Amino acid sequence: MLAGRHLVLGVTGGVAAYKAVYLARRLIEEGVEVRAVMTPTAQNFVGEATFAAVTGTQPIIELFGHDDVSPHTSLARWADAVVIAPATASTISKLAAGESSNALIATVLATTAPVFVAPAMHSEMWEHPATRANISRLTDFGYTIVPPQSGSLAGGDEGIGRLADPEDILKMVRSIFDGGDLAGSTVLITAGGTREPIDPVRYIGNRSSGKMGNALATAAHARGAQVILVTAAPPPGNLPGIEVIAVDTAAEMAEATWGRVDIADIAVMAAAVADFRPADVATGKLRRTDGSPELLLEPTPDILRGITKRDNRPYLVGFAAEVGSLDAAVEKARTKGVDLLVGNDISIDGSGFGSDSNQIALIYPDGTTKHHPLLPKRQVADVIWDAVVEQRAST
Ligand SMILES: Cc1cc2nc3c(=O)[nH]c(=O)nc-3n(C[C@H](O)[C@H](O)[C@H](O)COP(=O)(O)O)c2cc1C
């Protein structure tokens, strides 16, 4: 329920600041108490009188000169949520650095309430490595990024960077208070690249970093799910609220996954699992002086197939990393018995293994394919969960 909640609306200095007025009005219509905090630059784009009229209170712009001697800490405690819409590249950078140089950043730093950041800027600014790194840092802080959309931008340009639709921002904020759209679901995710031993020292592996699976786990948890992450690339820190099961080989991953799948409502197989492993693992280290070893490979357990064969299998999402074309992924979506297949072409710059971003296509069993732009992996995770939630609701 949104009604009765306290929300700080941060407004920064971008052209889309005018849309924040509409967002404020919609929040008020939903019964939310809204206090606007504007950056000084935002005043170039929209007047404080507008927010005062819409919200019924004077926006905070400066930290000093108020009856309240410490407006940022008062607002930080008062807030049930903070939403920054639009968020400029500059504000995102200051947030990432914790640079408390204005009332908005100070409020965000001082709050323990959930923080939503809705970026809006030109495509080049959005795709700049600095912005990408800053966004990735904000997701590490646990902030929810409301992804920008593709479309027409200021000055007649086209591309990614448009502020998300205020109705979508509203929907994301609402989901926090309604327990999230995955509340009540148990989600099982596999992640990372398995490693198949050759001898006690060496293995056959792949380039998967586990970042996509971690992002899926964090996003699912933020949306209210119980999350089990079976991973061959455990994250360095804790993932709060997520049960992490560390594995090494495809066989271990299969055992852990099949052992848990019966309690899962949704299974997302994001791991890069080896299809083959050495048939015999040398007990001692193989040495150059022994000559070139011959490796005989045998197939590993097919984890996805093992799930599709179950009577009461969960909603199932598969992944297919391809090089150059997604034709094989479309074929896999048709034949593998999954509900949804996430295809990605790892030959695209900045997409796939090891990178912080991914460019995916969502492929349905009937071959319908929806392409998405290159996005940070945490946002890709939300794109996937949006599709899962939508498809499960419609069946
Ligand atoms: C006409 C104009 C439009 C701008 N639009 C944006 C924008 O949409 N997104 C953005 O990140 N910066 C935009 N900027 C740049 C920001 O205003 C600038 O980086 C400023 O320092 C942001 O300050 P703030 O984040 O504290 O509000 C724009 C600047 C001008 C002059």
# chains A, B, ... in the order shown; residues from 1 in each chain; ligands from 1

$ closest_atom_pairs --of "chain A" --to "ligand 1" --cutoff "6 Å" --atoms "only C-alpha atoms and all ligand atoms" --output "tab-separated table"
residue	atom	partner	partner_atom_place_in_ligand_line	distance
A:Thr12	CA	ligand 1	27 (O)	3.7
A:Gly13	CA	ligand 1	27 (O)	3.4
A:Gly14	CA	ligand 1	6 (C)	3.6
A:Val15	CA	ligand 1	5 (N)	4.7
A:Thr39	CA	ligand 1	27 (O)	4.9
A:Thr41	CA	ligand 1	27 (O)	4.5
A:Ala42	CA	ligand 1	27 (O)	5.1
A:Thr88	CA	ligand 1	11 (O)	3.2
A:Ala89	CA	ligand 1	11 (O)	3.9
A:Ser90	CA	ligand 1	25 (O)	4.5
A:Thr91	CA	ligand 1	25 (O)	3.9
A:Ala120	CA	ligand 1	9 (N)	5.2
A:Met121	CA	ligand 1	9 (N)	3.6

$ write_last_selection --atoms "N, CA and C atoms" --output "PDB file, in the first residue's frame"
ATOM      1  N   THR A  12      16.832  16.447  -9.922  1.00  0.00           N
ATOM      2  CA  THR A  12      18.154  16.970 -10.281  1.00  0.00           C
ATOM      3  C   THR A  12      18.088  17.706 -11.621  1.00  0.00           C
ATOM      4  N   GLY A  13      19.228  18.271 -12.005  1.00  0.00           N
ATOM      5  CA  GLY A  13      19.250  19.229 -13.114  1.00  0.00           C
ATOM      6  C   GLY A  13      19.337  18.631 -14.496  1.00  0.00           C
ATOM      7  N   GLY A  14      18.257  18.010 -14.935  1.00  0.00           N
ATOM      8  CA  GLY A  14      18.164  17.492 -16.301  1.00  0.00           C
ATOM      9  C   GLY A  14      16.849  17.930 -16.909  1.00  0.00           C
ATOM     10  N   VAL A  15      16.778  17.808 -18.240  1.00  0.00           N
ATOM     11  CA  VAL A  15      15.576  18.261 -18.943  1.00  0.00           C
ATOM     12  C   VAL A  15      14.320  17.549 -18.427  1.00  0.00           C
ATOM     13  N   THR A  39      18.129  19.712  -6.378  1.00  0.00           N
ATOM     14  CA  THR A  39      19.499  20.226  -6.429  1.00  0.00           C
ATOM     15  C   THR A  39      19.410  21.678  -6.914  1.00  0.00           C
ATOM     16  N   THR A  41      20.869  23.007  -9.330  1.00  0.00           N
ATOM     17  CA  THR A  41      20.793  23.019 -10.798  1.00  0.00           C
ATOM     18  C   THR A  41      19.386  22.717 -11.289  1.00  0.00           C
ATOM     19  N   ALA A  42      18.643  21.918 -10.539  1.00  0.00           N
ATOM     20  CA  ALA A  42      17.285  21.550 -10.972  1.00  0.00           C
ATOM     21  C   ALA A  42      16.410  22.785 -11.154  1.00  0.00           C
ATOM     22  N   THR A  88      20.658  12.858 -12.662  1.00  0.00           N
ATOM     23  CA  THR A  88      21.672  13.204 -13.671  1.00  0.00           C
ATOM     24  C   THR A  88      22.925  12.352 -13.470  1.00  0.00           C
ATOM     25  N   ALA A  89      23.784  12.355 -14.498  1.00  0.00           N
ATOM     26  CA  ALA A  89      25.076  11.664 -14.388  1.00  0.00           C
ATOM     27  C   ALA A  89      25.868  12.234 -13.221  1.00  0.00           C
ATOM     28  N   SER A  90      25.754  13.552 -13.029  1.00  0.00           N
ATOM     29  CA  SER A  90      26.504  14.208 -11.959  1.00  0.00           C
ATOM     30  C   SER A  90      26.040  13.728 -10.578  1.00  0.00           C
ATOM     31  N   THR A  91      24.729  13.686 -10.383  1.00  0.00           N
ATOM     32  CA  THR A  91      24.214  13.233  -9.086  1.00  0.00           C
ATOM     33  C   THR A  91      24.548  11.762  -8.861  1.00  0.00           C
ATOM     34  N   ALA A 120      18.392   9.805 -16.182  1.00  0.00           N
ATOM     35  CA  ALA A 120      17.951  10.379 -17.461  1.00  0.00           C
ATOM     36  C   ALA A 120      19.099  11.225 -18.000  1.00  0.00           C
ATOM     37  N   MET A 121      19.522  10.902 -19.196  1.00  0.00           N
ATOM     38  CA  MET A 121      20.642  11.646 -19.799  1.00  0.00           C
ATOM     39  C   MET A 121      20.802  11.193 -21.249  1.00  0.00           C
TER      40      MET A 121
END

$ select_by_dssp --residues "region 195-335 of chain A" --states "strand (DSSP E)" --output "PyMOL selection string"
chain A and resi 196-197+203-204+226-231+242-246+266-269+276-278+297-299+315-322

$ write_last_selection --atoms "C-alpha atoms" --output "PDB file, in the first residue's frame"
ATOM      1  CA  GLU A 196      36.146 -29.926 -14.491  1.00  0.00           C
ATOM      2  CA  PRO A 197      39.415 -31.256 -13.071  1.00  0.00           C
ATOM      3  CA  TYR A 203      40.811 -27.907 -14.888  1.00  0.00           C
ATOM      4  CA  ILE A 204      38.699 -27.304 -17.982  1.00  0.00           C
ATOM      5  CA  GLN A 226      13.280 -16.468  -1.212  1.00  0.00           C
ATOM      6  CA  VAL A 227      16.507 -17.015  -3.137  1.00  0.00           C
ATOM      7  CA  ILE A 228      18.813 -20.031  -3.405  1.00  0.00           C
ATOM      8  CA  LEU A 229      21.954 -19.405  -5.453  1.00  0.00           C
ATOM      9  CA  VAL A 230      23.936 -22.461  -6.589  1.00  0.00           C
ATOM     10  CA  THR A 231      27.151 -20.956  -7.861  1.00  0.00           C
ATOM     11  CA  ILE A 242      20.324 -15.183  -0.091  1.00  0.00           C
ATOM     12  CA  GLU A 243      21.248 -18.828   0.521  1.00  0.00           C
ATOM     13  CA  VAL A 244      24.490 -19.412  -1.368  1.00  0.00           C
ATOM     14  CA  ILE A 245      25.597 -22.981  -2.200  1.00  0.00           C
ATOM     15  CA  ALA A 246      29.135 -23.052  -3.591  1.00  0.00           C
ATOM     16  CA  ILE A 266      11.052 -20.571 -10.485  1.00  0.00           C
ATOM     17  CA  ALA A 267      14.427 -21.922 -11.641  1.00  0.00           C
ATOM     18  CA  VAL A 268      16.839 -19.762 -13.604  1.00  0.00           C
ATOM     19  CA  MET A 269      19.765 -21.639 -15.072  1.00  0.00           C
ATOM     20  CA  PHE A 276      32.082 -32.390 -21.139  1.00  0.00           C
ATOM     21  CA  ARG A 277      34.590 -33.365 -18.465  1.00  0.00           C
ATOM     22  CA  PRO A 278      37.748 -35.490 -18.505  1.00  0.00           C
ATOM     23  CA  LEU A 297      36.077 -36.374 -22.503  1.00  0.00           C
ATOM     24  CA  GLU A 298      32.680 -37.618 -21.383  1.00  0.00           C
ATOM     25  CA  PRO A 299      29.380 -35.724 -21.140  1.00  0.00           C
ATOM     26  CA  TYR A 315       8.774 -22.235 -14.184  1.00  0.00           C
ATOM     27  CA  LEU A 316      12.058 -22.628 -16.026  1.00  0.00           C
ATOM     28  CA  VAL A 317      14.401 -20.044 -17.529  1.00  0.00           C
ATOM     29  CA  GLY A 318      17.411 -21.192 -19.546  1.00  0.00           C
ATOM     30  CA  PHE A 319      20.382 -19.222 -20.813  1.00  0.00           C
ATOM     31  CA  ALA A 320      22.204 -19.572 -24.123  1.00  0.00           C
ATOM     32  CA  ALA A 321      25.484 -17.783 -24.790  1.00  0.00           C
ATOM     33  CA  GLU A 322      26.054 -17.668 -28.528  1.00  0.00           C
TER      34      GLU A 322
END

$ residues_around --residues "Ser136 (chain A)" --least-positions-apart "2" --cutoff "9 Å" --atoms "only C-alpha atoms" --output "PyMOL selection string"
chain A and resi 96+131-134+138-141+356+376-378

$ atom_distance --atom1 "CA of Ala270 (chain A)" --atom2 "CA of Gly213 (chain A)"
5.7 Å

$ residues_around --residues "region 336-343 of chain A" --least-positions-apart "4" --cutoff "10 Å" --atoms "only C-alpha atoms" --output "PyMOL selection string"
chain A and resi 267-270+304-305+307-309+314-322+325-332+359-367+369-371+384+387-388+391-392

$ closest_residue --among "A:Tyr143, A:His122, A:Pro114, A:Ser152" --to "Leu95 (chain A)" --atoms "only C-alpha atoms"
A:Tyr143

$ decode --residues "region 176-281 of chain A" --atoms "C-alpha atoms" --output "short mmCIF file (atom, residue, chain, number, x, y, z; two decimals), in the first residue's frame"
data_model
loop_
_atom_site.label_atom_id
_atom_site.label_comp_id
_atom_site.auth_asym_id
_atom_site.auth_seq_id
_atom_site.Cartn_x
_atom_site.Cartn_y
_atom_site.Cartn_z
CA ILE A 176 8.51 -2.39 -2.21
CA PHE A 177 5.53 -1.66 0.01
CA ASP A 178 3.39 -4.46 -1.40
CA GLY A 179 6.13 -6.98 -0.60
CA GLY A 180 7.43 -7.16 -4.18
CA ASP A 181 6.11 -9.00 -7.22
CA LEU A 182 8.11 -12.15 -6.36
CA ALA A 183 6.92 -12.24 -2.74
CA GLY A 184 5.93 -15.78 -1.73
CA SER A 185 8.05 -17.37 -4.52
CA THR A 186 11.16 -19.47 -4.01
CA VAL A 187 13.69 -18.90 -6.74
CA LEU A 188 16.58 -21.22 -7.55
CA ILE A 189 19.40 -19.70 -9.60
CA THR A 190 22.59 -21.27 -10.92
CA ALA A 191 25.59 -19.08 -11.69
CA GLY A 192 29.23 -19.08 -12.68
CA GLY A 193 31.31 -21.38 -14.83
CA THR A 194 31.88 -24.96 -13.68
CA ARG A 195 35.40 -26.36 -13.48
CA GLU A 196 36.15 -29.93 -14.49
CA PRO A 197 39.41 -31.26 -13.07
CA ILE A 198 42.12 -32.73 -15.28
CA ASP A 199 44.52 -33.39 -12.41
CA PRO A 200 44.80 -31.96 -8.85
CA VAL A 201 46.09 -28.65 -10.29
CA ARG A 202 44.35 -28.05 -13.64
CA TYR A 203 40.81 -27.91 -14.89
CA ILE A 204 38.70 -27.30 -17.98
CA GLY A 205 36.70 -24.14 -17.39
CA ASN A 206 35.04 -21.21 -19.09
CA ARG A 207 34.97 -17.43 -18.81
CA SER A 208 31.74 -17.03 -16.85
CA SER A 209 32.18 -14.69 -13.85
CA GLY A 210 28.86 -15.41 -12.13
CA LYS A 211 27.94 -11.69 -12.23
CA MET A 212 24.68 -12.26 -14.15
CA GLY A 213 23.56 -14.93 -11.69
CA ASN A 214 24.48 -12.75 -8.72
CA ALA A 215 22.52 -9.85 -10.24
CA LEU A 216 19.52 -12.14 -10.77
CA ALA A 217 19.74 -13.28 -7.15
CA THR A 218 20.01 -9.73 -5.76
CA ALA A 219 17.15 -8.49 -7.94
CA ALA A 220 14.90 -11.44 -7.02
CA HIS A 221 15.58 -10.83 -3.34
CA ALA A 222 14.76 -7.13 -3.74
CA ARG A 223 11.46 -8.18 -5.35
CA GLY A 224 10.53 -10.28 -2.33
CA ALA A 225 11.61 -13.82 -3.36
CA GLN A 226 13.28 -16.47 -1.21
CA VAL A 227 16.51 -17.02 -3.14
CA ILE A 228 18.81 -20.03 -3.41
CA LEU A 229 21.95 -19.40 -5.45
CA VAL A 230 23.94 -22.46 -6.59
CA THR A 231 27.15 -20.96 -7.86
CA ALA A 232 30.53 -21.97 -9.21
CA ALA A 233 31.70 -18.35 -8.69
CA PRO A 234 30.64 -17.37 -5.16
CA PRO A 235 30.54 -13.58 -4.70
CA PRO A 236 33.36 -12.15 -2.57
CA GLY A 237 31.03 -10.70 0.07
CA ASN A 238 27.77 -11.90 1.55
CA LEU A 239 24.60 -11.55 -0.46
CA PRO A 240 22.29 -10.65 2.42
CA GLY A 241 19.18 -12.79 2.67
CA ILE A 242 20.32 -15.18 -0.09
CA GLU A 243 21.25 -18.83 0.52
CA VAL A 244 24.49 -19.41 -1.37
CA ILE A 245 25.60 -22.98 -2.20
CA ALA A 246 29.13 -23.05 -3.59
CA VAL A 247 29.98 -25.79 -6.09
CA ASP A 248 32.84 -26.52 -8.43
CA THR A 249 31.93 -29.10 -11.07
CA ALA A 250 28.90 -29.70 -13.28
CA ALA A 251 28.15 -32.87 -11.29
CA GLU A 252 28.17 -30.93 -8.00
CA MET A 253 25.98 -28.22 -9.53
CA ALA A 254 23.54 -30.85 -10.84
CA GLU A 255 23.32 -32.53 -7.44
CA ALA A 256 22.77 -29.22 -5.57
CA THR A 257 20.24 -28.01 -8.14
CA TRP A 258 18.24 -31.21 -8.42
CA GLY A 259 18.30 -31.47 -4.60
CA ARG A 260 16.60 -28.07 -4.31
CA VAL A 261 14.46 -27.81 -7.39
CA ASP A 262 11.38 -29.39 -5.80
CA ILE A 263 11.00 -26.44 -3.41
CA ALA A 264 11.46 -23.86 -6.18
CA ASP A 265 8.63 -22.03 -7.94
CA ILE A 266 11.05 -20.57 -10.48
CA ALA A 267 14.43 -21.92 -11.64
CA VAL A 268 16.84 -19.76 -13.60
CA MET A 269 19.77 -21.64 -15.07
CA ALA A 270 22.27 -18.83 -15.65
CA ALA A 271 25.43 -20.90 -15.06
CA ALA A 272 27.81 -21.76 -17.85
CA VAL A 273 27.96 -25.51 -17.26
CA ALA A 274 30.64 -27.61 -18.92
CA ASP A 275 29.11 -30.03 -21.41
CA PHE A 276 32.08 -32.39 -21.14
CA ARG A 277 34.59 -33.36 -18.47
CA PRO A 278 37.75 -35.49 -18.50
CA ALA A 279 36.71 -39.13 -18.20
CA ASP A 280 39.69 -39.89 -15.95
CA VAL A 281 41.12 -37.37 -13.52
#
